[in-house]
Amino acid sequence: MSDLLSNLSNTPIAKQLGVPTVPRLRRFEPGQPLLSGPVLVASVGDGRFAKPVSALVEENGQRVVAEAGEEKIDAIVLDLTGASTLADLATAREILTPAMKKVGPSGRVLLLGAEPGEASGAEAAAVAQSLDGLVRSIGKELRFGATANLLIVSAGAAPSAVDSSVRFFLSSRSAYVDGQNVHVSVPVGSMLDPAGMDDPRDPDLPLRGRVAVVTGAARGIGAAIADTLARDGATIVAMDIPAAGEGLAKTANRTGGTALQLDITAADAPQRLLEHLEQRHGGVDLVVHNAGITRDKLLANMTSDRWDSVLAVNLGAQLKINEALLGSTVLRDAGRIVCVSSQSGIAGNRGQTNYAASKAGVIGMVRALAPRFAERGATINAVAPGFIETEMTGHMPIGTREAGRRVNSLKQGGLPVDVAETIGWLGQAESGGVNGQVVRVCGQSMLGA
Ligand code: NAD
């Protein structure tokens with residue numbers, strides 16, 4: 001669905017007419033460098049990340065600057081993991097204030113903070129928590145497609161634990177992820193991929209050698225997930241219902257993967273999926289639970305049909321497949337599960353009690369299963385898309401659609417690829433420090449914020 005205002009707003013006539021500007025977001029393309037300009041890297045207190053982040057910036061061919069000068073900067077990375085007093089917070093403000101005006105289009109502000117629950121004393125906990133309010137406000141103040149996010153890092157996590165997250169949030173892969181905080185802990189299992197096939201340092205193929213199954217892959221967001229993971233080097237098993245066979249075959253052909261026609265709600269679906277993965281691929285590294293349906297009605301008019309089908313596809317099937325994965329050896333070391341939730345599961349939505357309950361349920365499931373997957377060196381996380389430009393949102397009444405597009409800090413809907421890129425980051429073997437999290441892909445939507 002084309003966004004007329006977005007297309008119009010970048011023309012000279014629109015500027016004369018005062019049409020509000022919708023920024024053009026920079027998105028990833030293979031071969032694109034991680035950074036497009038100098039990066040301000042600084043720390044307050046005895047943060048341990050400024051040095052490795054500076055090395056990462058330089059490895060990627062960009063200069064590190066210690067403070068804002070005259071030139072535009074691509075990103076600010078401020079390590080506040082050692083900040084524990086209000087004086088430290090004031091120092092952070094002194095660094096950020098002159099730098100804010102220097103952040104270029106689609107620039108990045110990335111703060112790293114300590115876990116408030118691990119702080120010694122009320123002031124340190126308050127300072128750690130204050131970063132949440134700080135980063136959300138920065139996200140709302142930045143312009144031209146720039147974003148702000150916060151990594152909350154556990155004291156025991158080595159600097160390498162944040163590598164894949166720092167890369168993701170600095171890169172154009174995180175174009176529509178804004179105002180989020182993500183907890184990074186000591187990575188589960190081994191940081192090294194035992195198969196030796198995953199090379200996170202290869203920016204173009206971070207999923208090389210990994211096998212990924214994507215449910216609901218015949219169209220929409222699922223098709224984009226399959227395309228993106230394949231682009232990043234994964235072998236795709238594309239799964240969808242038999243009725244979507246044509247689209248499914250197209251996805252499988254496009255990605256060079258295989259198609260599996262299977263209704264995820266069938267009683268034998270978990271068993272058939274696991275058998276397919278074992279027989280055809282010898283196992284699986286990444287499972288993306290994307291298939292989902294809506295059957296909207298006000299609760300006052302809700303039938304058991306509508307309720308049951310939505311809960312069965314969006315939640316029940318995921319619960320059963322995850323139990324089957326936990327009970328088998330098909331999920332390989334450094335396995336990653338990513339579940340597609342929704343902003344509706346966080347904010348609620350009129351006419352979507354069934355859908356919102358199922359998508360909130362996904363978040364509960366992810367949190368409950370994270371320690372169980374961690375025991376076997378695997379992780380499970382959720383992504384919660386906001387307004388994404390798809391067939392589904394294209395059919396909304398124009399008023400609802402325009403509201404969905406504009407009530408976020410980036411003033412536009414996201415694209416299916418934005419959800420896919422976020423899943424790609426969580427799917428990397430190197431992302432083992434991120435477990436049991438919900439990452440919203442919503443451009444910092446005001447709904448449910
Ligand atoms: P879509 O309807 O375009 O695609 C969903 C796919 O899932 C279809 O190919 C469908 O055939 C498949 N599917 C449905 N039931 C299935 C079953 N029982 N077994 C196997 N496959 C089945 O939807 P979309 O917009 O691409 O959404 C994808 C996911 O993202 C869903 O979970 C949806 O809830 C979620 N989401 C979408 C948006 C958005 O803005 N589009 C926002 C938030 C969350």
# chains A, B, ... in the order shown; residues from 1 in each chain; ligands from 1
$ residues_near_ligand --ligand "ligand 1" --cutoff "7 Å" --atoms "only C-alpha atoms and all ligand atoms" --output "PDB file with C-alpha atoms, in the first residue's frame"
ATOM      1  CA  THR A 215       5.703 -20.239   9.411  1.00  0.00           C
ATOM      2  CA  GLY A 216       3.193 -18.263   7.354  1.00  0.00           C
ATOM      3  CA  ALA A 217       5.890 -17.699   4.722  1.00  0.00           C
ATOM      4  CA  ALA A 218       3.619 -17.579   1.648  1.00  0.00           C
ATOM      5  CA  ARG A 219       3.076 -13.826   1.788  1.00  0.00           C
ATOM      6  CA  GLY A 220       3.293 -10.598   3.785  1.00  0.00           C
ATOM      7  CA  ILE A 221       5.695 -10.361   6.688  1.00  0.00           C
ATOM      8  CA  GLY A 222       6.501 -14.092   6.590  1.00  0.00           C
ATOM      9  CA  MET A 239       5.858 -23.265   5.837  1.00  0.00           C
ATOM     10  CA  ASP A 240       2.222 -22.374   5.233  1.00  0.00           C
ATOM     11  CA  ILE A 241      -1.224 -23.919   4.827  1.00  0.00           C
ATOM     12  CA  ALA A 244      -1.442 -20.877   0.237  1.00  0.00           C
ATOM     13  CA  LEU A 262       1.371 -27.722   6.856  1.00  0.00           C
ATOM     14  CA  ASP A 263      -1.405 -26.224   8.944  1.00  0.00           C
ATOM     15  CA  ILE A 264       0.295 -25.403  12.252  1.00  0.00           C
ATOM     16  CA  THR A 265      -2.907 -26.152  14.141  1.00  0.00           C
ATOM     17  CA  ASN A 290       5.135 -15.829  12.190  1.00  0.00           C
ATOM     18  CA  ALA A 291       1.826 -17.363  11.020  1.00  0.00           C
ATOM     19  CA  GLY A 292      -1.099 -15.434  12.435  1.00  0.00           C
ATOM     20  CA  ILE A 293      -4.722 -14.579  11.711  1.00  0.00           C
ATOM     21  CA  THR A 294      -7.265 -11.960  12.732  1.00  0.00           C
ATOM     22  CA  VAL A 313      -3.200 -20.274  15.266  1.00  0.00           C
ATOM     23  CA  ASN A 314      -1.560 -17.362  17.087  1.00  0.00           C
ATOM     24  CA  VAL A 340       5.779 -12.672  16.200  1.00  0.00           C
ATOM     25  CA  SER A 341       3.566 -10.897  18.712  1.00  0.00           C
ATOM     26  CA  SER A 342       1.900  -7.542  18.030  1.00  0.00           C
ATOM     27  CA  GLN A 343       1.487  -4.060  19.378  1.00  0.00           C
ATOM     28  CA  ALA A 384       5.937  -6.958  18.369  1.00  0.00           C
ATOM     29  CA  PRO A 385       5.255  -5.126  15.101  1.00  0.00           C
ATOM     30  CA  GLY A 386       3.310  -1.873  15.193  1.00  0.00           C
ATOM     31  CA  PHE A 387       1.764  -0.502  11.992  1.00  0.00           C
ATOM     32  CA  ILE A 388       3.389  -2.374   9.096  1.00  0.00           C
ATOM     33  CA  GLU A 389       2.499  -1.690   5.437  1.00  0.00           C
ATOM     34  CA  THR A 390       0.921  -5.009   4.393  1.00  0.00           C
ATOM     35  CA  GLU A 391      -2.219  -6.261   2.648  1.00  0.00           C
ATOM     36  CA  MET A 392      -3.854  -6.444   6.084  1.00  0.00           C
ATOM     37  CA  THR A 393      -3.225  -2.783   6.956  1.00  0.00           C
TER      38      THR A 393
END
$ residues_around --residues "range 153-162 of chain A" --least-positions-apart "3" --cutoff "6 Å" --atoms "only C-alpha atoms" --output "PyMOL selection string"
chain A and resi 49+114-115+165-166+183-186+433
$ closest_residue --among "A:Gly37, A:Gly348, A:Pro242, A:Gly139" --to "Leu110 in chain A" --atoms "only C-alpha atoms"
A:Gly139
$ atom_distance --atom1 "CA of Arg306 in chain A" --atom2 "CA of Ser358 in chain A"
12.0 Å
$ atom_distance --atom1 "CA of Ser120 in chain A" --atom2 "CA of Ser84 in chain A"
8.8 Å
$ atom_distance --atom1 "CA of Ala347 in chain A" --atom2 "CA of Leu447 in chain A"
5.9 Å
$ decode --residues "range 337-385 of chain A" --atoms "N, CA and C atoms" --output "short mmCIF file (atom, residue, chain, number, x, y, z; two decimals), in the first residue's frame"
data_model
loop_
_atom_site.label_atom_id
_atom_site.label_comp_id
_atom_site.auth_asym_id
_atom_site.auth_seq_id
_atom_site.Cartn_x
_atom_site.Cartn_y
_atom_site.Cartn_z
N ILE A 337 14.61 -19.14 18.83
CA ILE A 337 13.18 -19.11 18.50
C ILE A 337 12.75 -17.64 18.52
N VAL A 338 12.07 -17.20 17.49
CA VAL A 338 11.53 -15.83 17.51
C VAL A 338 10.04 -15.90 17.19
N CYS A 339 9.24 -15.32 18.06
CA CYS A 339 7.78 -15.37 17.94
C CYS A 339 7.26 -13.99 17.54
N VAL A 340 6.33 -13.97 16.61
CA VAL A 340 5.78 -12.67 16.20
C VAL A 340 4.55 -12.38 17.06
N SER A 341 4.68 -11.37 17.90
CA SER A 341 3.57 -10.90 18.71
C SER A 341 2.95 -9.70 17.98
N SER A 342 2.47 -8.72 18.69
CA SER A 342 1.90 -7.54 18.03
C SER A 342 1.76 -6.42 19.04
N GLN A 343 1.78 -5.22 18.53
CA GLN A 343 1.49 -4.06 19.38
C GLN A 343 0.10 -4.19 20.02
N SER A 344 -0.83 -4.84 19.31
CA SER A 344 -2.18 -5.03 19.87
C SER A 344 -2.11 -5.84 21.16
N GLY A 345 -1.14 -6.73 21.27
CA GLY A 345 -0.97 -7.52 22.48
C GLY A 345 -0.42 -6.69 23.64
N ILE A 346 0.09 -5.51 23.32
CA ILE A 346 0.64 -4.63 24.37
C ILE A 346 -0.36 -3.51 24.68
N ALA A 347 -0.94 -2.94 23.62
CA ALA A 347 -1.82 -1.78 23.81
C ALA A 347 -3.30 -2.15 23.87
N GLY A 348 -3.64 -3.37 23.32
CA GLY A 348 -5.05 -3.70 23.16
C GLY A 348 -5.60 -2.96 21.94
N ASN A 349 -6.69 -3.45 21.40
CA ASN A 349 -7.26 -2.80 20.23
C ASN A 349 -8.75 -3.09 20.18
N ARG A 350 -9.55 -2.06 19.95
CA ARG A 350 -11.00 -2.24 19.87
C ARG A 350 -11.34 -3.24 18.76
N GLY A 351 -12.16 -4.22 19.09
CA GLY A 351 -12.56 -5.23 18.11
C GLY A 351 -11.58 -6.38 17.99
N GLN A 352 -10.53 -6.37 18.81
CA GLN A 352 -9.50 -7.41 18.67
C GLN A 352 -9.20 -8.11 20.00
N THR A 353 -10.24 -8.38 20.79
CA THR A 353 -9.97 -9.02 22.09
C THR A 353 -9.30 -10.38 21.89
N ASN A 354 -9.77 -11.13 20.88
CA ASN A 354 -9.19 -12.45 20.64
C ASN A 354 -7.73 -12.34 20.19
N TYR A 355 -7.50 -11.45 19.23
CA TYR A 355 -6.15 -11.26 18.68
C TYR A 355 -5.19 -10.71 19.75
N ALA A 356 -5.64 -9.68 20.47
CA ALA A 356 -4.77 -9.07 21.49
C ALA A 356 -4.47 -10.06 22.61
N ALA A 357 -5.47 -10.86 22.98
CA ALA A 357 -5.22 -11.87 24.03
C ALA A 357 -4.18 -12.87 23.54
N SER A 358 -4.30 -13.28 22.27
CA SER A 358 -3.35 -14.27 21.76
C SER A 358 -1.94 -13.69 21.68
N LYS A 359 -1.83 -12.44 21.25
CA LYS A 359 -0.51 -11.84 21.07
C LYS A 359 0.13 -11.47 22.40
N ALA A 360 -0.69 -11.10 23.41
CA ALA A 360 -0.15 -10.89 24.76
C ALA A 360 0.27 -12.24 25.33
N GLY A 361 -0.50 -13.27 25.00
CA GLY A 361 -0.15 -14.62 25.45
C GLY A 361 1.21 -15.05 24.92
N VAL A 362 1.53 -14.67 23.69
CA VAL A 362 2.84 -14.99 23.12
C VAL A 362 3.96 -14.40 24.00
N ILE A 363 3.73 -13.19 24.49
CA ILE A 363 4.75 -12.54 25.34
C ILE A 363 4.91 -13.33 26.64
N GLY A 364 3.79 -13.75 27.21
CA GLY A 364 3.86 -14.56 28.44
C GLY A 364 4.60 -15.86 28.19
N MET A 365 4.31 -16.49 27.05
CA MET A 365 4.96 -17.76 26.70
C MET A 365 6.47 -17.58 26.57
N VAL A 366 6.88 -16.52 25.89
CA VAL A 366 8.30 -16.27 25.66
C VAL A 366 9.03 -16.10 27.01
N ARG A 367 8.42 -15.33 27.89
CA ARG A 367 9.06 -15.09 29.20
C ARG A 367 9.17 -16.39 29.99
N ALA A 368 8.11 -17.22 29.92
CA ALA A 368 8.11 -18.46 30.70
C ALA A 368 9.10 -19.48 30.12
N LEU A 369 9.25 -19.50 28.80
CA LEU A 369 10.10 -20.53 28.19
C LEU A 369 11.57 -20.13 28.11
N ALA A 370 11.88 -18.84 28.30
CA ALA A 370 13.27 -18.38 28.14
C ALA A 370 14.26 -19.19 29.00
N PRO A 371 13.97 -19.40 30.29
CA PRO A 371 14.94 -20.18 31.09
C PRO A 371 15.05 -21.62 30.63
N ARG A 372 13.96 -22.18 30.12
CA ARG A 372 14.01 -23.58 29.67
C ARG A 372 14.85 -23.71 28.39
N PHE A 373 14.68 -22.78 27.45
CA PHE A 373 15.52 -22.82 26.25
C PHE A 373 16.98 -22.52 26.61
N ALA A 374 17.18 -21.62 27.60
CA ALA A 374 18.55 -21.26 27.98
C ALA A 374 19.32 -22.48 28.49
N GLU A 375 18.61 -23.38 29.18
CA GLU A 375 19.27 -24.59 29.70
C GLU A 375 19.93 -25.39 28.60
N ARG A 376 19.42 -25.25 27.37
CA ARG A 376 20.05 -25.98 26.27
C ARG A 376 20.79 -25.06 25.31
N GLY A 377 21.16 -23.88 25.82
CA GLY A 377 21.97 -22.95 25.03
C GLY A 377 21.19 -22.25 23.95
N ALA A 378 19.86 -22.26 24.08
CA ALA A 378 19.01 -21.62 23.06
C ALA A 378 18.30 -20.41 23.67
N THR A 379 17.74 -19.57 22.82
CA THR A 379 16.97 -18.42 23.30
C THR A 379 15.60 -18.41 22.65
N ILE A 380 14.69 -17.68 23.28
CA ILE A 380 13.36 -17.43 22.69
C ILE A 380 13.01 -15.97 22.96
N ASN A 381 12.66 -15.26 21.92
CA ASN A 381 12.30 -13.85 22.03
C ASN A 381 11.07 -13.57 21.18
N ALA A 382 10.49 -12.40 21.39
CA ALA A 382 9.34 -11.99 20.57
C ALA A 382 9.63 -10.66 19.91
N VAL A 383 9.06 -10.47 18.72
CA VAL A 383 9.02 -9.14 18.13
C VAL A 383 7.56 -8.72 18.10
N ALA A 384 7.32 -7.46 18.37
CA ALA A 384 5.94 -6.96 18.37
C ALA A 384 5.83 -5.83 17.34
N PRO A 385 5.38 -6.17 16.12
CA PRO A 385 5.25 -5.13 15.10
C PRO A 385 4.14 -4.15 15.46
#
